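So this block is structure.cif, mmCIF, C-alpha atoms:
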```cif
data_model
#
loop_
_atom_site.label_atom_id
_atom_site.label_comp_id
_atom_site.auth_asym_id
_atom_site.auth_seq_id
_atom_site.Cartn_x
_atom_site.Cartn_y
_atom_site.Cartn_z
CA MET A 299 -2.57 10.52 30.52
CA ARG A 300 -5.36 8.79 28.61
CA LEU A 301 -4.53 5.28 27.51
CA ASN A 302 -4.84 5.82 23.74
CA LYS A 303 -2.52 8.84 23.95
CA TYR A 304 -0.11 6.97 26.23
CA ILE A 305 0.23 4.15 23.67
CA ALA A 306 0.80 6.66 20.88
CA GLN A 307 3.35 8.63 22.90
CA ALA A 308 5.18 5.37 23.66
CA GLY A 309 5.66 4.90 19.91
CA VAL A 310 3.63 1.71 19.65
CA ALA A 311 0.92 2.92 17.26
CA SER A 312 -1.12 5.94 16.26
CA ARG A 313 -4.01 6.95 18.52
CA ARG A 314 -6.53 5.46 16.07
CA LYS A 315 -4.65 2.17 15.87
CA ALA A 316 -4.20 2.22 19.66
CA GLU A 317 -7.98 2.38 20.06
CA GLU A 318 -8.32 -0.65 17.76
CA LEU A 319 -5.78 -2.60 19.84
CA ILE A 320 -7.61 -1.69 23.04
CA ALA A 321 -10.98 -2.77 21.59
CA GLU A 322 -9.41 -6.08 20.52
CA GLY A 323 -8.38 -6.81 24.12
CA LYS A 324 -4.66 -6.57 23.39
CA VAL A 325 -3.88 -4.01 26.11
CA THR A 326 -3.42 -4.51 29.84
CA ILE A 327 -2.65 -2.11 32.70
CA ASP A 328 -0.88 -3.79 35.62
CA GLY A 329 -2.00 -7.16 34.28
CA ARG A 330 -5.68 -6.23 33.88
CA MET A 331 -7.22 -6.14 30.41
CA VAL A 332 -8.83 -2.82 29.57
CA LYS A 333 -11.15 -1.94 26.69
CA GLU A 334 -11.69 1.76 27.41
CA PRO A 335 -9.32 3.99 25.39
CA TYR A 336 -9.92 7.06 27.56
CA ILE A 337 -9.03 5.52 30.91
CA ASP A 338 -6.16 7.35 32.63
CA VAL A 339 -2.76 5.70 33.02
CA GLN A 340 -1.25 6.66 36.36
CA GLU A 341 2.45 7.17 37.00
CA GLY A 342 4.17 3.88 37.74
CA GLN A 343 1.55 1.68 36.07
CA LYS A 344 2.74 -0.94 33.58
CA VAL A 345 1.07 -0.94 30.17
CA ILE A 346 1.44 -4.00 27.94
CA VAL A 347 0.37 -3.84 24.29
CA ASP A 348 0.16 -7.09 22.37
CA GLY A 349 2.70 -8.72 24.69
CA ARG A 350 5.20 -5.85 24.78
CA GLU A 351 5.63 -3.11 27.38
CA ALA A 352 4.81 0.41 26.24
CA ARG A 353 7.20 2.99 27.73
CA LEU A 354 7.37 6.76 27.36
CA ASP A 355 11.15 7.06 27.38
CA ALA A 356 11.76 6.24 23.69
CA LYS A 357 13.68 8.86 21.73
CA LYS A 358 11.48 10.47 19.07
CA ALA A 359 12.22 9.21 15.56
CA TYR A 360 10.96 10.43 12.17
CA PHE A 361 11.59 8.68 8.85
CA ILE A 362 10.42 8.84 5.26
CA LEU A 363 9.96 5.49 3.54
CA ASN A 364 9.46 5.00 -0.19
CA LYS A 365 6.89 2.21 0.01
CA PRO A 366 7.06 -0.41 -2.74
CA LYS A 367 4.07 -2.24 -4.20
CA GLY A 368 2.76 -5.25 -2.33
CA TYR A 369 3.48 -4.08 1.22
CA ILE A 370 0.62 -3.53 3.65
CA THR A 371 0.67 -0.31 5.66
CA THR A 372 0.14 -1.73 9.12
CA THR A 373 2.23 -3.05 11.98
CA ALA A 374 0.90 -6.62 11.57
CA ASP A 375 -1.30 -8.50 9.11
CA GLU A 376 -3.66 -11.34 9.97
CA ARG A 377 -3.26 -12.81 6.46
CA ASP A 378 0.53 -12.90 6.86
CA ARG A 379 1.16 -10.51 3.97
CA PRO A 380 4.39 -8.46 3.99
CA THR A 381 4.08 -5.20 5.93
CA VAL A 382 6.06 -1.97 5.86
CA MET A 383 7.53 -2.94 9.23
CA GLU A 384 9.82 -5.34 7.39
CA LEU A 385 11.36 -2.35 5.60
CA VAL A 386 12.25 -0.40 8.76
CA ARG A 387 13.94 -3.10 10.81
CA ASP A 388 17.11 -1.01 10.90
CA ALA A 389 15.37 1.97 12.52
CA PRO A 390 17.04 2.72 15.88
CA GLU A 391 13.65 3.13 17.56
CA ARG A 392 10.36 1.28 17.22
CA VAL A 393 8.22 3.22 14.72
CA PHE A 394 4.80 2.88 13.10
CA PRO A 395 3.28 4.11 9.81
CA VAL A 396 1.37 7.37 9.72
CA GLY A 397 -1.83 6.87 7.76
CA ARG A 398 -2.11 4.28 5.01
CA LEU A 399 -1.20 3.55 1.43
CA ASP A 400 -2.99 0.57 -0.10
CA GLY A 401 -0.98 -2.44 -1.30
CA PRO A 402 -0.58 -1.43 -4.97
CA THR A 403 0.24 2.23 -4.16
CA THR A 404 3.85 3.33 -3.81
CA GLY A 405 5.61 6.38 -2.48
CA LEU A 406 5.99 8.61 0.54
CA LEU A 407 5.07 7.08 3.87
CA ILE A 408 6.10 8.68 7.15
CA MET A 409 7.22 6.33 9.94
CA THR A 410 7.51 7.68 13.47
CA ASN A 411 7.02 6.95 17.16
CA ASP A 412 5.65 10.43 17.89
CA GLY A 413 1.94 9.97 18.52
CA ASP A 414 1.10 13.68 18.57
CA PHE A 415 2.92 14.20 15.27
CA ALA A 416 1.03 11.29 13.70
CA TYR A 417 -2.27 12.63 15.03
CA ARG A 418 -1.61 16.02 13.47
CA LEU A 419 -0.85 14.51 10.08
CA THR A 420 -3.92 12.28 9.98
CA HIS A 421 -6.70 14.24 11.69
CA PRO A 422 -8.98 15.92 9.10
CA LYS A 423 -9.17 19.20 11.05
CA HIS A 424 -5.53 19.98 10.18
CA GLU A 425 -6.19 19.59 6.43
CA ILE A 426 -2.63 18.61 5.53
CA HIS A 427 -2.73 17.89 1.82
CA LYS A 428 -1.27 14.84 0.12
CA THR A 429 -0.05 14.90 -3.48
CA TYR A 430 -0.17 11.88 -5.78
CA ARG A 431 1.03 11.13 -9.29
CA ALA A 432 -1.29 8.77 -11.14
CA GLN A 433 -1.10 6.98 -14.46
CA VAL A 434 -4.65 6.82 -15.73
CA ARG A 435 -6.30 4.83 -18.51
CA GLY A 436 -9.06 6.56 -20.44
CA ALA A 437 -9.36 10.02 -21.98
CA LEU A 438 -9.53 12.91 -19.49
CA SER A 439 -11.76 15.56 -21.00
CA ARG A 440 -12.14 19.10 -19.66
CA GLU A 441 -15.51 18.07 -18.27
CA LYS A 442 -14.01 15.16 -16.34
CA LEU A 443 -11.22 17.34 -14.98
CA ALA A 444 -13.77 19.91 -13.84
CA ARG A 445 -15.75 17.22 -12.03
CA LEU A 446 -12.65 15.92 -10.27
CA ARG A 447 -11.65 19.43 -9.22
CA LYS A 448 -15.12 20.24 -7.93
CA GLY A 449 -15.73 16.92 -6.15
CA VAL A 450 -17.26 13.59 -7.20
CA ASP A 451 -19.46 10.98 -5.56
CA ILE A 452 -17.31 7.95 -4.69
CA GLY A 453 -20.09 5.87 -3.23
CA GLY A 454 -22.20 7.79 -0.77
CA TYR A 455 -19.55 10.44 -0.20
CA VAL A 456 -18.81 13.54 -2.29
CA THR A 457 -15.14 14.45 -2.23
CA ALA A 458 -13.92 17.94 -1.39
CA PRO A 459 -12.46 20.17 -4.12
CA ALA A 460 -9.03 18.96 -5.27
CA MET A 461 -6.13 20.23 -7.33
CA VAL A 462 -5.85 18.13 -10.52
CA GLU A 463 -3.28 18.83 -13.23
CA ILE A 464 -2.38 16.83 -16.33
CA ILE A 465 1.36 16.22 -16.57
CA LYS A 466 1.27 14.18 -19.77
CA GLN A 467 -1.73 13.60 -22.01
CA GLY A 468 -2.22 10.80 -24.51
CA PRO A 469 -5.23 9.64 -26.54
CA ASN A 470 -6.04 6.79 -24.14
CA ALA A 471 -3.83 7.40 -21.11
CA SER A 472 -2.53 10.29 -19.03
CA VAL A 473 -0.17 11.12 -16.18
CA VAL A 474 -1.98 13.27 -13.64
CA GLU A 475 -1.00 15.04 -10.43
CA ILE A 476 -3.74 15.27 -7.81
CA ARG A 477 -3.63 16.98 -4.41
CA LEU A 478 -6.16 16.19 -1.68
CA ASN A 479 -6.92 17.42 1.81
CA GLU A 480 -8.75 14.15 2.55
CA GLY A 481 -7.72 10.55 2.95
CA LYS A 482 -10.68 8.25 2.39
CA ASN A 483 -9.92 4.58 1.63
CA ARG A 484 -8.65 4.25 -1.96
CA GLN A 485 -9.94 7.76 -2.63
CA VAL A 486 -7.82 8.64 -5.66
CA ARG A 487 -8.68 5.39 -7.43
CA LYS A 488 -12.38 5.84 -6.66
CA MET A 489 -12.36 9.46 -7.87
CA PHE A 490 -10.99 8.54 -11.28
CA ALA A 491 -13.31 5.54 -11.52
CA ALA A 492 -16.23 7.92 -10.90
CA VAL A 493 -15.39 9.75 -14.14
CA GLY A 494 -14.80 6.57 -16.14
CA CYS A 495 -11.01 6.31 -15.86
CA ARG A 496 -8.87 3.59 -14.26
CA VAL A 497 -5.71 4.22 -12.26
CA THR A 498 -2.97 1.81 -13.33
CA GLU A 499 -0.10 3.27 -11.25
CA LEU A 500 -0.30 5.48 -8.18
CA GLU A 501 2.50 7.10 -6.20
CA ARG A 502 2.32 9.56 -3.31
CA ILE A 503 4.98 12.17 -3.94
CA ALA A 504 4.37 14.68 -1.14
CA ILE A 505 2.72 15.29 2.22
CA GLY A 506 2.23 18.99 2.77
CA ARG A 507 5.44 20.63 1.58
CA VAL A 508 7.58 17.56 2.28
CA PHE A 509 8.52 15.66 -0.88
CA LEU A 510 9.65 12.12 -1.59
CA GLY A 511 12.42 13.29 -3.91
CA HIS A 512 14.82 10.70 -5.30
CA LEU A 513 14.65 8.20 -2.44
CA LYS A 514 14.94 4.68 -3.85
CA THR A 515 11.98 2.33 -3.64
CA GLY A 516 12.07 0.29 -0.43
CA HIS A 517 14.57 2.63 1.24
CA MET A 518 14.08 5.03 4.13
CA ARG A 519 15.82 8.15 5.36
CA LYS A 520 15.64 10.35 8.43
CA MET A 521 13.45 13.41 8.12
CA THR A 522 15.28 16.69 8.47
CA ARG A 523 14.43 19.09 11.27
CA ALA A 524 13.12 21.52 8.63
CA GLU A 525 10.75 18.87 7.23
CA ILE A 526 9.42 18.01 10.68
CA GLU A 527 8.83 21.68 11.46
CA LEU A 528 7.11 22.21 8.10
CA LEU A 529 4.53 19.55 8.94
CA GLN A 530 4.16 20.64 12.55
CA GLY A 531 3.37 24.15 11.38
CA GLU A 532 0.95 23.33 8.54
#
```

As a first step, turn the structure in this file into structure tokens.
Amino acid sequence: MRLNKYIAQAGVASRRKAEELIAEGKVTIDGRMVKEPYIDVQEGQKVIVDGREARLDAKKAYFILNKPKGYITTTADERDRPTVMELVRDAPERVFPVGRLDGPTTGLLIMTNDGDFAYRLTHPKHEIHKTYRAQVRGALSREKLARLRKGVDIGGYVTAPAMVEIIKQGPNASVVEIRLNEGKNRQVRKMFAAVGCRVTELERIAIGRVFLGHLKTGHMRKMTRAEIELLQGE
């Protein structure tokens, strides 16, 4: 099994994050540092990631976390900021976040140790949509809505068509629901900025057909088998 997939299957990190750890020199096989993510791990070899052994015998775990503001979506932070790992200390298995929500953004974050599941949710080819609810400053005209739905330039990149619906409209502020098949860094905020509006609050409320529901901020719950199968089949 290739090293990046082995690390993901062991529940240490997603494949993408595993490749970062390998490039940073934080992975050894039988005591030898490796920096090639596609090297094969042979049966019986010992893989150490950032000082801890990566094993394939962990029971698969799937959780939904309602991420609060101020938490960084990573397993560790060089600037010593609080990470979402502090919120899942009670998980029976070691898990990692799937994808990212920036610090000020709240809402649905999936935590798992299933590398293939995480890969499916994050790889663009699977086009699993994410739905957000945004509070936005500035008037949203029909023209601006049309631009958002068609795709806008967010700095050298034109976004794909998106579903955008106004939930509540005011003279200078609105509540908007937006659904994307992409996940560029701070994409929702950049999209609204491109049409002259500023996002003041942002919450992810769904991934595919799996919804956050009434889960309290900072709390997590196990995903149901039906929810897991919904995302595996999308």

Expressed in Å to a single decimal, how great is the separation between atom CA of A:Ala492 and atom CA of A:Pro422?
22.7 Å

Since I can't run it myself right now, could you work out what the PyMOL selection byres ((chain A and resi 457) around 10) selects here and report it as a VMD selection string?
chain A and resid 446 to 456 458 to 460 478 to 482 485 to 486 489

Once you have the residues from the selection above, write them out as a compact mmCIF listing (two decimals), keeping the file's coordinate frame, restricted to C-alpha atoms.
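File produced: selection-v4.txt:
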```txt
# COMPACT_ATOMS: atom_id res chain seq x y z
CA LEU A 446 -12.65 15.92 -10.27
CA ARG A 447 -11.65 19.43 -9.22
CA LYS A 448 -15.12 20.24 -7.93
CA GLY A 449 -15.73 16.92 -6.15
CA VAL A 450 -17.26 13.59 -7.20
CA ASP A 451 -19.46 10.98 -5.56
CA ILE A 452 -17.31 7.95 -4.69
CA GLY A 453 -20.09 5.87 -3.23
CA GLY A 454 -22.20 7.79 -0.77
CA TYR A 455 -19.55 10.44 -0.20
CA VAL A 456 -18.81 13.54 -2.29
CA ALA A 458 -13.92 17.94 -1.39
CA PRO A 459 -12.46 20.17 -4.12
CA ALA A 460 -9.03 18.96 -5.27
CA LEU A 478 -6.16 16.19 -1.68
CA ASN A 479 -6.92 17.42 1.81
CA GLU A 480 -8.75 14.15 2.55
CA GLY A 481 -7.72 10.55 2.95
CA LYS A 482 -10.68 8.25 2.39
CA GLN A 485 -9.94 7.76 -2.63
CA VAL A 486 -7.82 8.64 -5.66
CA MET A 489 -12.36 9.46 -7.87
```

Within 12 Å of stretch 347-362 of chain A: each stretch 442-516 of chain A residue with its shortest pair, all atoms listed in the file, as CSV:
```
residue,atom,partner,partner_atom,distance
A:Arg502,CA,A:Ile362,CA,11.8
A:Ile503,CA,A:Ile362,CA,11.2
A:Ala504,CA,A:Ile362,CA,10.6
A:Ile505,CA,A:Ile362,CA,10.5
A:Val508,CA,A:Ile362,CA,9.6
A:Phe509,CA,A:Ile362,CA,9.4
A:Leu510,CA,A:Ile362,CA,7.6
A:Gly511,CA,A:Ile362,CA,10.4
A:His512,CA,A:Ile362,CA,11.6
A:Leu513,CA,A:Ile362,CA,8.8
A:Lys514,CA,A:Ile362,CA,11.0
A:Thr515,CA,A:Ile362,CA,11.1
A:Gly516,CA,A:Ile362,CA,10.4
```

Could you pull the residues within 10 Å of A:Phe415, counting all atoms listed in the file, minus those fewer than 3 positions along the same chain, as a PDB file with C-alpha atoms, in the coordinates of the input?
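Okay, selection25.pdb is ready:
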```
ATOM      1  CA  ALA A 306       0.800   6.660  20.880  1.00  0.00           C
ATOM      2  CA  GLN A 307       3.350   8.630  22.900  1.00  0.00           C
ATOM      3  CA  SER A 312      -1.120   5.940  16.260  1.00  0.00           C
ATOM      4  CA  TYR A 360      10.960  10.430  12.170  1.00  0.00           C
ATOM      5  CA  VAL A 396       1.370   7.370   9.720  1.00  0.00           C
ATOM      6  CA  THR A 410       7.510   7.680  13.470  1.00  0.00           C
ATOM      7  CA  ASN A 411       7.020   6.950  17.160  1.00  0.00           C
ATOM      8  CA  ASP A 412       5.650  10.430  17.890  1.00  0.00           C
ATOM      9  CA  ARG A 418      -1.610  16.020  13.470  1.00  0.00           C
ATOM     10  CA  LEU A 419      -0.850  14.510  10.080  1.00  0.00           C
ATOM     11  CA  THR A 420      -3.920  12.280   9.980  1.00  0.00           C
ATOM     12  CA  ILE A 526       9.420  18.010  10.680  1.00  0.00           C
ATOM     13  CA  LEU A 529       4.530  19.550   8.940  1.00  0.00           C
ATOM     14  CA  GLN A 530       4.160  20.640  12.550  1.00  0.00           C
TER      15      GLN A 530
END
```

Given the file shown, enumerate the residues that the PyMOL selection byres ((chain A and resi 409) around 12) captures and present them as a count of residues only.
45

Give me the result of the PyMOL selection byres ((chain A and resi 315-320) around 9) on this file, residue by residue, as number ranges by chain.
A: 301-303, 305-306, 310-314, 321-326, 331-335, 347-348

Where's the centre, and what are the edge lengths in Å to one decimal, of a box along x, y and z enclosing all listed atoms of stretch 523-530 of chain A padded 3 Å per side, as AutoDock Vina command-line options?
```
--center_x 9.3 --center_y 20.1 --center_z 9.9 --size_x 16.3 --size_y 10.2 --size_z 11.3
```

Where atoms are absent from stretch 503-532 of chain A, fill them in so it carries N, CA and C atoms, then output it as an mmCIF file, in the coordinates of the input.
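Generated output (out-v8.cif):
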```cif
data_model
loop_
_atom_site.group_PDB
_atom_site.id
_atom_site.type_symbol
_atom_site.label_atom_id
_atom_site.label_comp_id
_atom_site.auth_asym_id
_atom_site.auth_seq_id
_atom_site.Cartn_x
_atom_site.Cartn_y
_atom_site.Cartn_z
ATOM 1 N N ILE A 503 3.698 11.484 -3.763
ATOM 2 C CA ILE A 503 4.980 12.170 -3.940
ATOM 3 C C ILE A 503 5.215 13.261 -2.899
ATOM 4 N N ALA A 504 4.173 13.629 -2.144
ATOM 5 C CA ALA A 504 4.370 14.680 -1.140
ATOM 6 C C ALA A 504 3.291 14.614 -0.072
ATOM 7 N N ILE A 505 3.668 15.015 1.135
ATOM 8 C CA ILE A 505 2.720 15.290 2.220
ATOM 9 C C ILE A 505 2.997 16.713 2.656
ATOM 10 N N GLY A 506 1.988 17.580 2.533
ATOM 11 C CA GLY A 506 2.230 18.990 2.770
ATOM 12 C C GLY A 506 3.317 19.475 1.826
ATOM 13 N N ARG A 507 4.313 20.136 2.399
ATOM 14 C CA ARG A 507 5.440 20.630 1.580
ATOM 15 C C ARG A 507 6.693 19.762 1.737
ATOM 16 N N VAL A 508 6.479 18.529 2.161
ATOM 17 C CA VAL A 508 7.580 17.560 2.280
ATOM 18 C C VAL A 508 7.470 16.571 1.121
ATOM 19 N N PHE A 509 8.551 16.437 0.352
ATOM 20 C CA PHE A 509 8.520 15.660 -0.880
ATOM 21 C C PHE A 509 9.358 14.382 -0.772
ATOM 22 N N LEU A 510 8.939 13.390 -1.555
ATOM 23 C CA LEU A 510 9.650 12.120 -1.590
ATOM 24 C C LEU A 510 11.038 12.279 -2.207
ATOM 25 N N GLY A 511 11.132 13.084 -3.251
ATOM 26 C CA GLY A 511 12.420 13.290 -3.910
ATOM 27 C C GLY A 511 12.905 12.051 -4.626
ATOM 28 N N HIS A 512 14.211 11.802 -4.550
ATOM 29 C CA HIS A 512 14.820 10.700 -5.300
ATOM 30 C C HIS A 512 15.125 9.487 -4.423
ATOM 31 N N LEU A 513 14.441 9.353 -3.316
ATOM 32 C CA LEU A 513 14.650 8.200 -2.440
ATOM 33 C C LEU A 513 14.282 6.918 -3.185
ATOM 34 N N LYS A 514 15.165 5.921 -3.127
ATOM 35 C CA LYS A 514 14.940 4.680 -3.850
ATOM 36 C C LYS A 514 13.786 3.886 -3.241
ATOM 37 N N THR A 515 13.094 3.160 -4.088
ATOM 38 C CA THR A 515 11.980 2.330 -3.640
ATOM 39 C C THR A 515 12.457 1.315 -2.596
ATOM 40 N N GLY A 516 11.723 1.215 -1.491
ATOM 41 C CA GLY A 516 12.070 0.290 -0.430
ATOM 42 C C GLY A 516 13.074 0.814 0.571
ATOM 43 N N HIS A 517 13.583 2.027 0.342
ATOM 44 C CA HIS A 517 14.570 2.630 1.240
ATOM 45 C C HIS A 517 13.903 3.672 2.126
ATOM 46 N N MET A 518 14.571 3.982 3.240
ATOM 47 C CA MET A 518 14.080 5.030 4.130
ATOM 48 C C MET A 518 15.224 5.982 4.447
ATOM 49 N N ARG A 519 14.843 7.157 4.908
ATOM 50 C CA ARG A 519 15.820 8.150 5.360
ATOM 51 C C ARG A 519 15.237 8.927 6.526
ATOM 52 N N LYS A 520 16.098 9.496 7.347
ATOM 53 C CA LYS A 520 15.640 10.350 8.430
ATOM 54 C C LYS A 520 15.044 11.631 7.860
ATOM 55 N N MET A 521 13.979 12.105 8.485
ATOM 56 C CA MET A 521 13.450 13.410 8.120
ATOM 57 C C MET A 521 14.360 14.489 8.690
ATOM 58 N N THR A 522 14.496 15.572 7.972
ATOM 59 C CA THR A 522 15.280 16.690 8.470
ATOM 60 C C THR A 522 14.449 17.482 9.483
ATOM 61 N N ARG A 523 15.131 18.244 10.306
ATOM 62 C CA ARG A 523 14.430 19.090 11.270
ATOM 63 C C ARG A 523 13.503 20.059 10.539
ATOM 64 N N ALA A 524 13.952 20.579 9.396
ATOM 65 C CA ALA A 524 13.120 21.520 8.630
ATOM 66 C C ALA A 524 11.844 20.834 8.143
ATOM 67 N N GLU A 525 11.938 19.597 7.701
ATOM 68 C CA GLU A 525 10.750 18.870 7.230
ATOM 69 C C GLU A 525 9.764 18.628 8.370
ATOM 70 N N ILE A 526 10.287 18.246 9.520
ATOM 71 C CA ILE A 526 9.420 18.010 10.680
ATOM 72 C C ILE A 526 8.697 19.306 11.067
ATOM 73 N N GLU A 527 9.427 20.398 11.074
ATOM 74 C CA GLU A 527 8.830 21.680 11.460
ATOM 75 C C GLU A 527 7.819 22.152 10.424
ATOM 76 N N LEU A 528 8.074 21.865 9.146
ATOM 77 C CA LEU A 528 7.110 22.210 8.100
ATOM 78 C C LEU A 528 5.757 21.553 8.384
ATOM 79 N N LEU A 529 5.780 20.275 8.714
ATOM 80 C CA LEU A 529 4.530 19.550 8.940
ATOM 81 C C LEU A 529 3.903 19.910 10.281
ATOM 82 N N GLN A 530 4.706 20.228 11.265
ATOM 83 C CA GLN A 530 4.160 20.640 12.550
ATOM 84 C C GLN A 530 3.466 21.998 12.460
ATOM 85 N N GLY A 531 3.918 22.803 11.484
ATOM 86 C CA GLY A 531 3.370 24.150 11.380
ATOM 87 C C GLY A 531 2.247 24.290 10.367
ATOM 88 N N GLU A 532 1.964 23.215 9.603
ATOM 89 C CA GLU A 532 0.950 23.330 8.540
ATOM 90 C C GLU A 532 -0.443 23.250 9.125
#
```
